[in-house]
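Take a look at the structure below.
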Amino acid sequence: MGETTPRTTTQDDHFANILAEFSKTFGSPSSKYPTVRCISRTALIRELVEIRDRLSHPGTRHISGQALLEFLLRSGLVHRVSHIDSADNQSPAQFFSIGLNGSTSELNPIELLQAMVSQGIVCYFTAVQFHNLSTQIPTHHHIARITKTSSRPRKAPSISPIHRIPSTGAPKKRNRLGRQQFLYHGIPYYITNRESTRVPGIQKRYYTDKTVFSITTYEQTLLDTLDRPLSCGGPSVVFEAWENAAGELDQKRILDHLRTIKDQRLTRRVGFMLHDHLQHKLNTDLRRYLYRIRSQHSKDQAAAMISLLPGYEFSHPNHGWGLEVP
């Protein structure tokens, strides 16, 4: 009986080993990949090269990241996401859905955002929609990178006489939504930077068993509508959000967030919305805090009036809160 010739490891064997490691890495969400539903081309190739190098099989280092990606495409484990268009002055954006059924199912904006910035925080109009604060469909989506708080005082938004706008609530031209990355089904996706002390309300939520994402809390999202109304959809969305939230509001959490943010202008805006506009019944602690800030402002004779919604001009003064309101 002749001897059996030892089997030679082939490139297909190397691919199979890499495929097994890939399936393990993207089997469930992790701190590195909070969503395993989709991934950017850059992150995917980087991970494939890391897997290749980690396995350290002889002869595998010559296999390029692009070759590994093409193998995954042929295997049907990843699929190019269609309907993505590049933003102006941006390199073409490429994302891949992960899984055997990935080619036939649409991605939720939250999945794409978390794939775009794995450690980012979903916020603004996207968070308004997630928390069911508005019936309006988002015209843009945001994810934030959290940065350290700047030592420089935050400049108050103002309206230059050159750019003053009618009291219709139309936004000024200088308002910016952030850095647009791409469009998906014609909707722009943005990355923005936010200081940590201005976003105390962050929570983790499960979208599916494939996606765990970070998002601003219900109350933080409401505060954001008064701080960045354009990013949250504009005045109509802001007022709808506060009216919808009246019965669900956690007043203790609102107070905790305001104490952390320490922005008297934002506190005055909250005071007007809850006390004057909604005539909401306030608990003792929140009422005392809001009234104290209002009293401090009233004693400052030199204090200028500010708009209820930064970046928008309204014509009716509310001297109690020092605001221009609709």
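Ordering of the structure tokens sets the chain letters (A, B, ...); residue numbers start at 1 within each chain; ligands are numbered from 1 in the order shown.
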
TODO: Just the residues within 10 Å of Arg145 (chain A), please, counting only C-alpha atoms, with nothing from its chain fewer than 2 positions along; format it as an MDAnalysis selection string.
DONE: chainID A and resid 117:122 143 147 191:196

- [ ] Tell me, as a ChimeraX atom specification, which residues lie within 12 Å of Tyr33 (chain A), counting only C-alpha atoms; anything in the same chain fewer than 2 positions away does not count.
- [x] /A:25-31,35-40,43-44,47,111,114-120,210-213

Open item on the list: Set the distance at 12 Å and use only C-alpha atoms: which residues neighbour His275 (chain A) once local chain neighbours fewer than 3 positions away are removed? I'd like the list as a PyMOL selection string.
Closed with: chain A and resi 242+246+267-272+278-283+286-288+290-291+294+320-321

Keeping only C-alpha atoms, take the residues you just selected and write them out as a short mmCIF file (atom, residue, chain, number, x, y, z; two decimals), in the first residue's frame.
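Once everything was written out, this is part02.cif:
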data_model
loop_
_atom_site.label_atom_id
_atom_site.label_comp_id
_atom_site.auth_asym_id
_atom_site.auth_seq_id
_atom_site.Cartn_x
_atom_site.Cartn_y
_atom_site.Cartn_z
CA TRP A 242 -41.62 69.70 22.63
CA ALA A 246 -44.84 67.16 27.28
CA THR A 267 -31.75 77.11 30.28
CA ARG A 268 -33.76 80.24 29.46
CA ARG A 269 -34.96 78.63 26.23
CA VAL A 270 -36.05 75.52 28.14
CA GLY A 271 -37.80 77.72 30.69
CA PHE A 272 -39.80 79.48 28.01
CA LEU A 278 -46.43 74.55 27.01
CA GLN A 279 -47.51 75.75 30.49
CA HIS A 280 -46.13 72.47 31.75
CA LYS A 281 -46.43 71.61 35.44
CA LEU A 282 -42.88 71.68 36.77
CA ASN A 283 -41.54 69.80 39.75
CA LEU A 286 -36.63 72.13 38.04
CA ARG A 287 -38.91 75.13 38.65
CA ARG A 288 -36.49 76.62 41.19
CA LEU A 290 -35.28 77.72 35.86
CA TYR A 291 -36.60 80.64 37.92
CA ARG A 294 -34.47 83.82 34.83
CA GLY A 320 -39.01 87.50 31.39
CA TRP A 321 -36.71 85.00 29.71
#

TODO: May I have the residues within 7 Å of Glu324 (chain A) as a PyMOL selection string, using only C-alpha atoms and disregarding those fewer than 6 positions away in the same chain?
DONE: chain A and resi 305-308+314-318

Open item on the list: For the strand (DSSP E) assignment from backbone DSSP, which residues of region 199-279 of chain A qualify? Please present them as a PyMOL selection string.
Closed with: chain A and resi 202-208+211-216

TODO: For Gly186 (chain A), list every protein, DNA or RNA residue within 8 Å, evaluated using only C-alpha atoms, and leave out those in the same chain fewer than 5 positions away; present the list as an MDAnalysis selection string.
DONE: chainID A and resid 83:85

Enumerate, as a PDB file with N, CA and C atoms, in the first residue's frame, the complete set of residues in region 155-261 of chain A that a backbone-based DSSP assignment places in alpha helix (DSSP H).
ATOM      1  N   TYR A 218     -33.632  60.883  25.251  1.00  0.00           N
ATOM      2  CA  TYR A 218     -34.872  61.602  24.914  1.00  0.00           C
ATOM      3  C   TYR A 218     -34.749  63.074  25.306  1.00  0.00           C
ATOM      4  N   GLU A 219     -34.299  63.302  26.557  1.00  0.00           N
ATOM      5  CA  GLU A 219     -34.204  64.671  27.068  1.00  0.00           C
ATOM      6  C   GLU A 219     -33.064  65.445  26.421  1.00  0.00           C
ATOM      7  N   GLN A 220     -31.925  64.793  26.193  1.00  0.00           N
ATOM      8  CA  GLN A 220     -30.818  65.464  25.514  1.00  0.00           C
ATOM      9  C   GLN A 220     -31.224  65.874  24.101  1.00  0.00           C
ATOM     10  N   THR A 221     -31.965  65.014  23.433  1.00  0.00           N
ATOM     11  CA  THR A 221     -32.421  65.325  22.079  1.00  0.00           C
ATOM     12  C   THR A 221     -33.313  66.560  22.084  1.00  0.00           C
ATOM     13  N   LEU A 222     -34.183  66.674  23.085  1.00  0.00           N
ATOM     14  CA  LEU A 222     -35.017  67.872  23.201  1.00  0.00           C
ATOM     15  C   LEU A 222     -34.166  69.118  23.406  1.00  0.00           C
ATOM     16  N   LEU A 223     -33.168  69.029  24.276  1.00  0.00           N
ATOM     17  CA  LEU A 223     -32.282  70.176  24.488  1.00  0.00           C
ATOM     18  C   LEU A 223     -31.558  70.542  23.198  1.00  0.00           C
ATOM     19  N   ASP A 224     -31.170  69.530  22.440  1.00  0.00           N
ATOM     20  CA  ASP A 224     -30.473  69.787  21.170  1.00  0.00           C
ATOM     21  C   ASP A 224     -31.347  70.560  20.189  1.00  0.00           C
ATOM     22  N   THR A 225     -32.657  70.345  20.240  1.00  0.00           N
ATOM     23  CA  THR A 225     -33.527  71.074  19.312  1.00  0.00           C
ATOM     24  C   THR A 225     -33.491  72.572  19.584  1.00  0.00           C
ATOM     25  N   LEU A 226     -33.237  72.960  20.831  1.00  0.00           N
ATOM     26  CA  LEU A 226     -33.150  74.380  21.179  1.00  0.00           C
ATOM     27  C   LEU A 226     -31.742  74.927  21.008  1.00  0.00           C
ATOM     28  N   ASP A 227     -30.771  74.050  20.968  1.00  0.00           N
ATOM     29  CA  ASP A 227     -29.378  74.469  20.830  1.00  0.00           C
ATOM     30  C   ASP A 227     -28.927  74.467  19.377  1.00  0.00           C
ATOM     31  N   PRO A 235     -37.699  75.044  12.924  1.00  0.00           N
ATOM     32  CA  PRO A 235     -38.690  75.428  13.934  1.00  0.00           C
ATOM     33  C   PRO A 235     -39.904  74.516  14.032  1.00  0.00           C
ATOM     34  N   SER A 236     -40.458  74.093  12.907  1.00  0.00           N
ATOM     35  CA  SER A 236     -41.671  73.269  12.980  1.00  0.00           C
ATOM     36  C   SER A 236     -41.399  71.948  13.687  1.00  0.00           C
ATOM     37  N   VAL A 237     -40.219  71.368  13.444  1.00  0.00           N
ATOM     38  CA  VAL A 237     -39.844  70.124  14.124  1.00  0.00           C
ATOM     39  C   VAL A 237     -39.613  70.387  15.608  1.00  0.00           C
ATOM     40  N   VAL A 238     -38.960  71.505  15.927  1.00  0.00           N
ATOM     41  CA  VAL A 238     -38.666  71.831  17.323  1.00  0.00           C
ATOM     42  C   VAL A 238     -39.955  71.937  18.137  1.00  0.00           C
ATOM     43  N   PHE A 239     -40.909  72.718  17.657  1.00  0.00           N
ATOM     44  CA  PHE A 239     -42.148  72.903  18.415  1.00  0.00           C
ATOM     45  C   PHE A 239     -42.956  71.611  18.487  1.00  0.00           C
ATOM     46  N   GLU A 240     -42.969  70.850  17.414  1.00  0.00           N
ATOM     47  CA  GLU A 240     -43.677  69.567  17.445  1.00  0.00           C
ATOM     48  C   GLU A 240     -43.042  68.629  18.462  1.00  0.00           C
ATOM     49  N   ALA A 241     -41.710  68.611  18.510  1.00  0.00           N
ATOM     50  CA  ALA A 241     -41.000  67.726  19.436  1.00  0.00           C
ATOM     51  C   ALA A 241     -41.343  68.055  20.885  1.00  0.00           C
ATOM     52  N   TRP A 242     -41.320  69.321  21.246  1.00  0.00           N
ATOM     53  CA  TRP A 242     -41.618  69.700  22.626  1.00  0.00           C
ATOM     54  C   TRP A 242     -43.083  69.449  22.974  1.00  0.00           C
ATOM     55  N   GLU A 243     -43.965  69.677  22.038  1.00  0.00           N
ATOM     56  CA  GLU A 243     -45.382  69.410  22.303  1.00  0.00           C
ATOM     57  C   GLU A 243     -45.640  67.914  22.461  1.00  0.00           C
ATOM     58  N   ASN A 244     -44.957  67.096  21.664  1.00  0.00           N
ATOM     59  CA  ASN A 244     -45.120  65.644  21.786  1.00  0.00           C
ATOM     60  C   ASN A 244     -44.497  65.112  23.065  1.00  0.00           C
ATOM     61  N   ALA A 245     -43.476  65.802  23.570  1.00  0.00           N
ATOM     62  CA  ALA A 245     -42.736  65.299  24.728  1.00  0.00           C
ATOM     63  C   ALA A 245     -43.362  65.689  26.055  1.00  0.00           C
ATOM     64  N   GLN A 251     -38.285  65.138  34.116  1.00  0.00           N
ATOM     65  CA  GLN A 251     -37.823  66.453  34.558  1.00  0.00           C
ATOM     66  C   GLN A 251     -36.514  66.375  35.336  1.00  0.00           C
ATOM     67  N   LYS A 252     -36.317  65.304  36.064  1.00  0.00           N
ATOM     68  CA  LYS A 252     -35.054  65.158  36.797  1.00  0.00           C
ATOM     69  C   LYS A 252     -33.886  65.050  35.823  1.00  0.00           C
ATOM     70  N   ARG A 253     -34.081  64.300  34.743  1.00  0.00           N
ATOM     71  CA  ARG A 253     -33.013  64.141  33.762  1.00  0.00           C
ATOM     72  C   ARG A 253     -32.742  65.459  33.036  1.00  0.00           C
ATOM     73  N   ILE A 254     -33.807  66.191  32.691  1.00  0.00           N
ATOM     74  CA  ILE A 254     -33.632  67.507  32.072  1.00  0.00           C
ATOM     75  C   ILE A 254     -32.789  68.397  32.986  1.00  0.00           C
ATOM     76  N   LEU A 255     -33.124  68.415  34.269  1.00  0.00           N
ATOM     77  CA  LEU A 255     -32.395  69.240  35.233  1.00  0.00           C
ATOM     78  C   LEU A 255     -30.938  68.803  35.338  1.00  0.00           C
ATOM     79  N   ASP A 256     -30.704  67.507  35.410  1.00  0.00           N
ATOM     80  CA  ASP A 256     -29.326  67.004  35.482  1.00  0.00           C
ATOM     81  C   ASP A 256     -28.528  67.428  34.252  1.00  0.00           C
ATOM     82  N   HIS A 257     -29.139  67.303  33.079  1.00  0.00           N
ATOM     83  CA  HIS A 257     -28.451  67.705  31.841  1.00  0.00           C
ATOM     84  C   HIS A 257     -28.135  69.197  31.854  1.00  0.00           C
ATOM     85  N   LEU A 258     -29.094  70.022  32.257  1.00  0.00           N
ATOM     86  CA  LEU A 258     -28.875  71.471  32.277  1.00  0.00           C
ATOM     87  C   LEU A 258     -27.770  71.854  33.256  1.00  0.00           C
ATOM     88  N   ARG A 259     -27.730  71.204  34.396  1.00  0.00           N
ATOM     89  CA  ARG A 259     -26.684  71.504  35.381  1.00  0.00           C
ATOM     90  C   ARG A 259     -25.305  71.124  34.865  1.00  0.00           C
ATOM     91  N   THR A 260     -25.231  70.067  34.076  1.00  0.00           N
ATOM     92  CA  THR A 260     -23.944  69.662  33.506  1.00  0.00           C
ATOM     93  C   THR A 260     -23.522  70.596  32.377  1.00  0.00           C
ATOM     94  N   ILE A 261     -24.455  70.960  31.529  1.00  0.00           N
ATOM     95  CA  ILE A 261     -24.142  71.814  30.376  1.00  0.00           C
ATOM     96  C   ILE A 261     -23.783  73.231  30.817  1.00  0.00           C
TER      97      ILE A 261
END

- [ ] Rank nothing, just name the residue among A:Glu21, A:Phe96, A:Asp263, A:Thr139 nearest to Ser231 (chain A), using only C-alpha atoms.
- [x] A:Thr139

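Shortest separation to Arg61 (chain A) among A:Gln181, A:Val49, A:Thr126, A:Lys299 occurs at residue A:Val49, atoms counted being only C-alpha atoms.
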